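Undergrad: Hey, dropping run-v7.cif in here, mmCIF, N, CA, C and O atoms:
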```cif
data_protein
loop_
_atom_site.label_atom_id
_atom_site.label_comp_id
_atom_site.auth_asym_id
_atom_site.auth_seq_id
_atom_site.Cartn_x
_atom_site.Cartn_y
_atom_site.Cartn_z
N MET A 1 66.02 75.25 107.73
CA MET A 1 67.37 75.29 108.23
C MET A 1 68.09 76.45 107.53
O MET A 1 67.98 76.62 106.33
N SER A 2 68.85 77.21 108.26
CA SER A 2 69.47 78.39 107.69
C SER A 2 70.91 78.16 107.21
O SER A 2 71.54 79.05 106.69
N VAL A 3 71.42 76.96 107.37
CA VAL A 3 72.78 76.64 106.91
C VAL A 3 72.75 76.39 105.41
O VAL A 3 71.85 75.77 104.89
N SER A 4 73.75 76.91 104.69
CA SER A 4 73.82 76.64 103.27
C SER A 4 75.04 75.79 102.97
O SER A 4 76.03 75.81 103.69
N GLY A 5 74.95 75.03 101.91
CA GLY A 5 76.04 74.15 101.51
C GLY A 5 75.48 72.96 100.77
O GLY A 5 74.31 72.94 100.39
N LEU A 6 76.33 71.96 100.57
CA LEU A 6 75.92 70.77 99.83
C LEU A 6 75.70 69.59 100.76
O LEU A 6 76.37 69.46 101.78
N CYS A 7 74.80 68.74 100.37
CA CYS A 7 74.48 67.51 101.09
C CYS A 7 75.75 66.70 101.31
O CYS A 7 76.57 66.53 100.39
N GLU A 8 75.93 66.17 102.51
CA GLU A 8 77.13 65.39 102.83
C GLU A 8 77.07 63.97 102.27
O GLU A 8 78.05 63.24 102.35
N ILE A 9 75.93 63.58 101.70
CA ILE A 9 75.82 62.25 101.10
C ILE A 9 76.03 62.33 99.58
O ILE A 9 76.91 61.69 99.04
N CYS A 10 75.23 63.14 98.90
CA CYS A 10 75.33 63.21 97.44
C CYS A 10 76.27 64.31 96.95
O CYS A 10 76.69 64.30 95.81
N GLU A 11 76.57 65.25 97.82
CA GLU A 11 77.45 66.38 97.49
C GLU A 11 77.01 67.16 96.26
O GLU A 11 77.82 67.73 95.55
N ALA A 12 75.70 67.16 95.99
CA ALA A 12 75.19 67.86 94.82
C ALA A 12 74.03 68.79 95.17
O ALA A 12 73.95 69.90 94.65
N ALA A 13 73.14 68.35 96.03
CA ALA A 13 71.94 69.12 96.35
C ALA A 13 72.18 69.99 97.59
O ALA A 13 73.07 69.72 98.40
N THR A 14 71.36 71.02 97.74
CA THR A 14 71.46 71.96 98.85
C THR A 14 70.97 71.32 100.15
O THR A 14 69.99 70.57 100.17
N ILE A 15 71.63 71.63 101.24
CA ILE A 15 71.27 71.13 102.57
C ILE A 15 69.87 71.59 102.95
O ILE A 15 69.51 72.76 102.78
N GLU A 16 69.08 70.66 103.47
CA GLU A 16 67.74 70.98 103.95
C GLU A 16 67.56 70.63 105.43
O GLU A 16 66.82 71.29 106.13
N ASP A 17 68.22 69.57 105.90
CA ASP A 17 68.04 69.11 107.27
C ASP A 17 69.32 68.49 107.82
O ASP A 17 70.29 68.28 107.08
N GLN A 18 69.28 68.16 109.13
CA GLN A 18 70.42 67.53 109.79
C GLN A 18 69.95 66.23 110.45
O GLN A 18 68.90 66.20 111.10
N CYS A 19 70.73 65.18 110.30
CA CYS A 19 70.40 63.89 110.86
C CYS A 19 70.48 63.95 112.38
O CYS A 19 71.45 64.45 112.95
N ASP A 20 69.45 63.42 113.05
CA ASP A 20 69.41 63.41 114.51
C ASP A 20 70.38 62.40 115.11
O ASP A 20 70.70 62.48 116.28
N ARG A 21 70.86 61.47 114.32
CA ARG A 21 71.75 60.42 114.82
C ARG A 21 73.23 60.77 114.61
O ARG A 21 74.01 60.78 115.54
N CYS A 22 73.62 61.03 113.36
CA CYS A 22 75.04 61.25 113.04
C CYS A 22 75.40 62.72 112.87
O CYS A 22 76.56 63.07 112.85
N GLY A 23 74.39 63.57 112.71
CA GLY A 23 74.65 65.00 112.58
C GLY A 23 74.96 65.47 111.17
O GLY A 23 75.25 66.64 110.96
N ARG A 24 74.92 64.56 110.20
CA ARG A 24 75.19 64.96 108.81
C ARG A 24 74.18 65.99 108.34
O ARG A 24 73.00 65.91 108.68
N LEU A 25 74.65 66.91 107.52
CA LEU A 25 73.78 67.88 106.89
C LEU A 25 73.43 67.31 105.52
O LEU A 25 74.31 67.01 104.72
N VAL A 26 72.14 67.13 105.27
CA VAL A 26 71.70 66.42 104.07
C VAL A 26 70.59 67.15 103.32
O VAL A 26 69.88 67.97 103.88
N CYS A 27 70.45 66.78 102.04
CA CYS A 27 69.39 67.35 101.20
C CYS A 27 68.07 66.64 101.51
O CYS A 27 68.01 65.66 102.25
N GLU A 28 67.02 67.14 100.89
CA GLU A 28 65.68 66.59 101.09
C GLU A 28 65.61 65.11 100.68
O GLU A 28 64.95 64.32 101.35
N ASP A 29 66.31 64.74 99.61
CA ASP A 29 66.28 63.36 99.13
C ASP A 29 66.99 62.38 100.07
O ASP A 29 66.72 61.19 100.04
N HIS A 30 67.91 62.87 100.87
CA HIS A 30 68.67 62.00 101.77
C HIS A 30 68.29 62.19 103.24
O HIS A 30 69.07 61.87 104.14
N TYR A 31 67.08 62.69 103.47
CA TYR A 31 66.57 62.88 104.83
C TYR A 31 65.23 62.18 104.96
O TYR A 31 64.33 62.37 104.15
N ASP A 32 65.11 61.33 105.96
CA ASP A 32 63.87 60.61 106.23
C ASP A 32 63.10 61.36 107.31
O ASP A 32 63.43 61.28 108.49
N ARG A 33 62.09 62.11 106.90
CA ARG A 33 61.32 62.94 107.84
C ARG A 33 60.63 62.10 108.91
O ARG A 33 60.45 62.55 110.03
N GLU A 34 60.24 60.91 108.57
CA GLU A 34 59.53 60.03 109.51
C GLU A 34 60.41 59.67 110.72
O GLU A 34 59.93 59.62 111.84
N THR A 35 61.69 59.46 110.50
CA THR A 35 62.60 59.07 111.57
C THR A 35 63.48 60.20 112.07
O THR A 35 64.05 60.11 113.16
N GLY A 36 63.65 61.24 111.25
CA GLY A 36 64.55 62.33 111.61
C GLY A 36 66.01 61.97 111.33
O GLY A 36 66.92 62.61 111.85
N LEU A 37 66.21 60.94 110.51
CA LEU A 37 67.55 60.46 110.21
C LEU A 37 67.89 60.63 108.74
O LEU A 37 67.01 60.67 107.89
N CYS A 38 69.21 60.67 108.46
CA CYS A 38 69.62 60.64 107.06
C CYS A 38 69.30 59.24 106.53
O CYS A 38 69.08 58.31 107.30
N THR A 39 69.28 59.09 105.23
CA THR A 39 68.91 57.80 104.65
C THR A 39 69.90 56.69 105.02
O THR A 39 69.50 55.53 105.16
N ASP A 40 71.18 57.02 105.21
CA ASP A 40 72.16 56.02 105.63
C ASP A 40 71.85 55.50 107.04
O ASP A 40 71.83 54.29 107.27
N CYS A 41 71.61 56.40 107.98
CA CYS A 41 71.30 55.99 109.35
C CYS A 41 69.96 55.27 109.42
O CYS A 41 69.81 54.29 110.16
N ALA A 42 68.98 55.74 108.65
CA ALA A 42 67.67 55.09 108.64
C ALA A 42 67.81 53.65 108.15
O ALA A 42 67.20 52.74 108.72
N ALA A 43 68.63 53.41 107.14
CA ALA A 43 68.84 52.06 106.62
C ALA A 43 69.56 51.19 107.65
O ALA A 43 69.26 50.00 107.80
N GLU A 44 70.52 51.74 108.38
CA GLU A 44 71.26 50.99 109.39
C GLU A 44 70.39 50.60 110.58
O GLU A 44 70.59 49.54 111.17
N THR A 45 69.44 51.44 110.94
CA THR A 45 68.63 51.17 112.13
C THR A 45 67.36 50.39 111.82
O THR A 45 66.71 49.92 112.74
N ARG A 46 67.03 50.27 110.56
CA ARG A 46 65.82 49.55 110.17
C ARG A 46 66.04 48.05 110.36
O ARG A 46 67.02 47.49 109.93
N ARG A 47 65.13 47.38 111.04
CA ARG A 47 65.22 45.94 111.25
C ARG A 47 64.41 45.23 110.18
O ARG A 47 63.32 45.66 109.83
N PRO A 48 64.91 44.10 109.69
CA PRO A 48 64.13 43.32 108.72
C PRO A 48 62.83 42.83 109.35
O PRO A 48 62.82 42.46 110.52
N THR A 49 61.77 42.84 108.59
CA THR A 49 60.50 42.30 109.07
C THR A 49 60.49 40.80 108.80
O THR A 49 61.38 40.27 108.16
N ASP A 50 59.49 40.10 109.30
CA ASP A 50 59.40 38.66 109.12
C ASP A 50 59.59 38.27 107.67
O ASP A 50 58.90 38.76 106.79
N GLY A 51 60.57 37.41 107.42
CA GLY A 51 60.81 36.90 106.09
C GLY A 51 61.63 37.82 105.21
O GLY A 51 62.06 37.44 104.16
N GLU A 52 61.88 39.02 105.65
CA GLU A 52 62.63 39.96 104.83
C GLU A 52 64.09 39.95 105.26
O GLU A 52 64.42 40.12 106.42
N GLY A 53 64.98 39.71 104.32
CA GLY A 53 66.40 39.76 104.61
C GLY A 53 66.98 38.49 105.19
O GLY A 53 68.15 38.42 105.49
N ASN A 54 66.18 37.45 105.35
CA ASN A 54 66.66 36.21 105.95
C ASN A 54 67.00 35.14 104.93
O ASN A 54 67.68 34.18 105.25
N GLU A 55 66.53 35.28 103.71
CA GLU A 55 66.70 34.22 102.72
C GLU A 55 68.14 33.98 102.29
O GLU A 55 68.50 32.89 101.92
N ASP A 56 69.00 34.99 102.38
CA ASP A 56 70.39 34.83 101.95
C ASP A 56 71.35 34.64 103.12
O ASP A 56 72.55 34.67 102.95
N ARG A 57 70.82 34.44 104.30
CA ARG A 57 71.67 34.30 105.48
C ARG A 57 72.47 33.01 105.39
O ARG A 57 71.96 31.96 105.04
N ASP A 58 73.74 33.08 105.69
CA ASP A 58 74.64 31.93 105.62
C ASP A 58 74.88 31.43 107.04
O ASP A 58 75.63 32.02 107.80
N TYR A 59 74.22 30.33 107.40
CA TYR A 59 74.36 29.75 108.73
C TYR A 59 75.51 28.76 108.77
O TYR A 59 75.78 28.07 107.79
N PRO A 60 76.20 28.64 109.93
CA PRO A 60 77.18 27.58 110.07
C PRO A 60 76.49 26.22 109.98
O PRO A 60 75.28 26.13 110.18
N ASP A 61 77.23 25.17 109.69
CA ASP A 61 76.64 23.84 109.56
C ASP A 61 75.77 23.51 110.77
O ASP A 61 76.21 23.63 111.91
N GLY A 62 74.55 23.08 110.48
CA GLY A 62 73.63 22.65 111.53
C GLY A 62 72.79 23.75 112.16
O GLY A 62 71.80 23.49 112.79
N VAL A 63 73.18 24.99 112.01
CA VAL A 63 72.42 26.09 112.58
C VAL A 63 71.44 26.57 111.54
O VAL A 63 71.79 26.86 110.42
N GLY A 64 70.19 26.69 111.94
CA GLY A 64 69.16 27.17 111.02
C GLY A 64 68.63 26.07 110.11
O GLY A 64 67.81 26.33 109.25
N GLU A 65 69.10 24.87 110.29
CA GLU A 65 68.62 23.75 109.49
C GLU A 65 67.69 22.90 110.34
O GLU A 65 67.87 22.78 111.55
N TYR A 66 66.72 22.31 109.72
CA TYR A 66 65.74 21.49 110.43
C TYR A 66 65.85 20.05 109.98
O TYR A 66 66.02 19.77 108.80
N GLU A 67 65.74 19.14 110.92
CA GLU A 67 65.70 17.72 110.59
C GLU A 67 64.33 17.20 110.96
O GLU A 67 63.85 17.41 112.07
N PHE A 68 63.70 16.49 110.03
CA PHE A 68 62.36 15.95 110.29
C PHE A 68 62.39 14.46 110.26
O PHE A 68 63.11 13.82 109.61
#
```
Would you write out, as structure tokens, the structure that this file holds?

TA:
Amino acid sequence: MSVSGLCEICEAATIEDQCDRCGRLVCEDHYDRETGLCTDCAAETRRPTDGEGNEDRDYPDGVGEYEF
């Protein structure tokens, strides 16, 4: 990338890439090459896998509870 400046996330490192989703100009550490997204967008779009992220979910009374 030929643009120079500072990463829009950390504001410390030099710009290396641009997020395909939000358009932020980010450094190498804040760019996910696998997805083409900045690390913020990659985290927002990532879905929890089975059992991941569900243990702290706060369900309303009766929802998510099992009676045997």

Undergrad: So what do you get for atom C of Asp20 (chain A) versus CA of Cys38 (chain A), distance-wise?

TA: 8.3 Å

Undergrad: To one decimal place, how far is atom O of Arg21 (chain A) from CA of Leu37 (chain A) in Å?

TA: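 Rounded to one decimal, the two atoms are 8.4 Å apart.
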
Undergrad: Which residue gives the smallest distance to Cys22 (chain A) among A:Ile9, A:Glu44, A:Gly36, A:Ser4, with all atoms listed in the file counted?

TA: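 Among the listed residues, A:Gly36 lies closest to Cys22 (chain A).
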
Undergrad: Grab the CA of Cys19 (chain A) to CA of Leu6 (chain A) distance for me, in Å with one decimal place.

TA: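 So the answer is 14.1 Å.
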
Undergrad: Just asking: which residues within region 12-44 of chain A are strand (DSSP E or B) according to DSSP, as a count of residues only?

TA: 9

Undergrad: Pick out the closest residue to Ala13 (chain A) from this set: A:Cys27, A:Thr45, A:Arg33, A:Asp40. Count all atoms listed in the file.

TA: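 The closest residue to Ala13 (chain A) is A:Cys27.
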
Undergrad: Select all residues near (75.9, 70.4, 102.1) (cut-off 9 Å, inclusive, file coordinates), counting only C-alpha atoms, and output them as a list in words.

TA: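 Residues satisfying the cut-off, written out: Val3, Ser4, Gly5, Leu6, Cys7, Glu8, Ile9, Cys10, Glu11, Ala12, Ala13, Thr14, Ile15, Glu16, Arg24, Leu25, Val26 and Cys27 of chain A.
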
Undergrad: What would region 33-44 of chain A look like with all heavy atoms in place, written as a compact mmCIF listing (two decimals), in the frame of the given file?

TA:
```
# COMPACT_ATOMS: atom_id res chain seq x y z
N ARG A 33 62.09 62.11 106.90
CA ARG A 33 61.32 62.94 107.84
C ARG A 33 60.63 62.10 108.91
O ARG A 33 60.45 62.55 110.03
CB ARG A 33 60.29 63.78 107.09
CG ARG A 33 60.94 64.83 106.24
CD ARG A 33 59.98 65.97 105.92
NE ARG A 33 60.62 66.95 105.07
CZ ARG A 33 61.50 67.85 105.52
NH1 ARG A 33 61.84 67.87 106.77
NH2 ARG A 33 62.04 68.72 104.68
N GLU A 34 60.24 60.91 108.57
CA GLU A 34 59.53 60.03 109.51
C GLU A 34 60.41 59.67 110.72
O GLU A 34 59.93 59.62 111.84
CB GLU A 34 59.12 58.75 108.78
CG GLU A 34 58.14 57.89 109.54
CD GLU A 34 57.67 56.74 108.68
OE1 GLU A 34 57.10 56.99 107.60
OE2 GLU A 34 57.88 55.59 109.11
N THR A 35 61.69 59.46 110.50
CA THR A 35 62.60 59.07 111.57
C THR A 35 63.48 60.20 112.07
O THR A 35 64.05 60.11 113.16
CB THR A 35 63.52 57.92 111.12
OG1 THR A 35 64.33 58.38 110.03
CG2 THR A 35 62.74 56.69 110.72
N GLY A 36 63.65 61.24 111.25
CA GLY A 36 64.55 62.33 111.61
C GLY A 36 66.01 61.97 111.33
O GLY A 36 66.92 62.61 111.85
N LEU A 37 66.21 60.94 110.51
CA LEU A 37 67.55 60.46 110.21
C LEU A 37 67.89 60.63 108.74
O LEU A 37 67.01 60.67 107.89
CB LEU A 37 67.66 58.97 110.56
CG LEU A 37 67.29 58.56 111.98
CD1 LEU A 37 67.34 57.05 112.12
CD2 LEU A 37 68.18 59.23 112.99
N CYS A 38 69.21 60.67 108.46
CA CYS A 38 69.62 60.64 107.06
C CYS A 38 69.30 59.24 106.53
O CYS A 38 69.08 58.31 107.30
CB CYS A 38 71.12 60.96 106.92
SG CYS A 38 72.24 59.72 107.59
N THR A 39 69.28 59.09 105.23
CA THR A 39 68.91 57.80 104.65
C THR A 39 69.90 56.69 105.02
O THR A 39 69.50 55.53 105.16
CB THR A 39 68.78 57.90 103.12
OG1 THR A 39 69.98 58.47 102.58
CG2 THR A 39 67.58 58.76 102.73
N ASP A 40 71.18 57.02 105.21
CA ASP A 40 72.16 56.02 105.63
C ASP A 40 71.85 55.50 107.04
O ASP A 40 71.83 54.29 107.27
CB ASP A 40 73.58 56.59 105.59
CG ASP A 40 74.11 56.77 104.19
OD1 ASP A 40 73.45 56.33 103.22
OD2 ASP A 40 75.20 57.36 104.05
N CYS A 41 71.61 56.40 107.98
CA CYS A 41 71.30 55.99 109.35
C CYS A 41 69.96 55.27 109.42
O CYS A 41 69.81 54.29 110.16
CB CYS A 41 71.29 57.19 110.29
SG CYS A 41 72.95 57.83 110.65
N ALA A 42 68.98 55.74 108.65
CA ALA A 42 67.67 55.09 108.64
C ALA A 42 67.81 53.65 108.15
O ALA A 42 67.20 52.74 108.72
CB ALA A 42 66.69 55.86 107.75
N ALA A 43 68.63 53.41 107.14
CA ALA A 43 68.84 52.06 106.62
C ALA A 43 69.56 51.19 107.65
O ALA A 43 69.26 50.00 107.80
CB ALA A 43 69.64 52.10 105.33
N GLU A 44 70.52 51.74 108.38
CA GLU A 44 71.26 50.99 109.39
C GLU A 44 70.39 50.60 110.58
O GLU A 44 70.59 49.54 111.17
CB GLU A 44 72.44 51.82 109.91
CG GLU A 44 73.58 51.94 108.94
CD GLU A 44 74.67 52.86 109.47
OE1 GLU A 44 74.69 53.15 110.68
OE2 GLU A 44 75.51 53.28 108.66
```
